[in-house]
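Step one of this worksheet: look at the structure below.
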Amino acid sequence: VQLQASGGGLVQSGGSLRLSCAASGRTFSRYVMGWFRQAPGKEREFVAGIKWSGGNTYYRDSGKGRFTVSRDNAKNTVYLQMNSLKPEDTAVYYCAAGYAGDYSGKDYSRLFYNYWGQGTLVTVSS
């Protein structure tokens, strides 16, 4: 299984970036694809997630209203569109896959994510 994250970079405050996560190696139909981030000196935190089958999404407060997670089934790729970026969004962003199975809850941060990509650095300058 491979998750390949890309799209990070340097952007000014208020700008936008779109991160991509290309997934391969297995079928992810019963998985949630999550985006996490880890800022320097801080713990890793969940940002957003999307259920591969059905496309239901969940956002933590840090991304609500500014970030949009989506997926392209044909390309086996998940995206995180980030708008109105702030310096506090600076972090390494990771995509991950967590088995959802029959999970009916809305909070995808509660799942166990067992497949991880390598991370892509987002730097927002003030």
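All residue names refer to the structure tokens as shown: chains lettered A, B, ... in order, residues numbered from 1 in each chain, ligands numbered from 1 in order.
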May I have the residues within 9 Å of stretch 58-69 of chain A as JSON, numbers by chain, using only C-alpha atoms and disregarding those fewer than 4 positions away in the same chain? {"A": [34, 35, 46, 47, 48, 49, 50, 51, 78, 79, 80, 81, 82, 83, 84, 85, 89, 106, 107, 108, 109]}
Per residue of stretch 12-79 of chain A within 12 Å of stretch 91-101 of chain A, which atom pair is closest and at what distance in Å (one decimal), using only C-alpha atoms, listed by chain and increasing number, as CSV?
```
residue,atom,partner,partner_atom,distance
A:Leu17,CA,A:Tyr93,CA,11.8
A:Arg18,CA,A:Tyr93,CA,11.3
A:Leu19,CA,A:Tyr93,CA,8.5
A:Ser20,CA,A:Cys95,CA,8.6
A:Cys21,CA,A:Cys95,CA,6.3
A:Ala22,CA,A:Cys95,CA,9.2
A:Ala23,CA,A:Ala97,CA,9.0
A:Ser24,CA,A:Ala97,CA,11.1
A:Gly25,CA,A:Ala97,CA,11.9
A:Arg26,CA,A:Ala97,CA,10.9
A:Thr27,CA,A:Ala97,CA,10.9
A:Phe28,CA,A:Ala97,CA,7.9
A:Ser29,CA,A:Tyr99,CA,9.2
A:Arg30,CA,A:Gly101,CA,5.5
A:Tyr31,CA,A:Tyr99,CA,4.4
A:Val32,CA,A:Gly98,CA,5.2
A:Met33,CA,A:Ala97,CA,4.6
A:Gly34,CA,A:Ala96,CA,5.1
A:Trp35,CA,A:Cys95,CA,4.6
A:Phe36,CA,A:Tyr94,CA,5.1
A:Arg37,CA,A:Tyr93,CA,4.2
A:Gln38,CA,A:Ala91,CA,5.2
A:Ala39,CA,A:Ala91,CA,4.1
A:Pro40,CA,A:Ala91,CA,6.8
A:Gly41,CA,A:Ala91,CA,10.1
A:Lys42,CA,A:Ala91,CA,9.4
A:Glu43,CA,A:Ala91,CA,10.6
A:Arg44,CA,A:Val92,CA,9.1
A:Glu45,CA,A:Tyr93,CA,9.5
A:Phe46,CA,A:Tyr94,CA,9.4
A:Val47,CA,A:Tyr93,CA,9.1
A:Ala48,CA,A:Cys95,CA,9.6
A:Gly49,CA,A:Ala96,CA,9.1
A:Ile50,CA,A:Ala97,CA,9.7
A:Lys51,CA,A:Ala100,CA,7.9
A:Trp52,CA,A:Ala100,CA,9.5
A:Ser53,CA,A:Ala100,CA,10.0
A:Asn56,CA,A:Ala100,CA,11.7
A:Val69,CA,A:Cys95,CA,11.1
A:Thr77,CA,A:Cys95,CA,10.6
A:Val78,CA,A:Cys95,CA,8.5
A:Tyr79,CA,A:Cys95,CA,9.3
```
In Å to one decimal, how far is atom CA of A:Ser16 from atom CA of A:Gln118? 21.2 Å
Strand (DSSP E) per DSSP on the backbone: members of stretch 4-124 of chain A, as a PyMOL selection string: chain A and resi 4-6+9-12+17-24+31-38+45-51+57-59+67-72+77-82+91-99+113-116+120-124
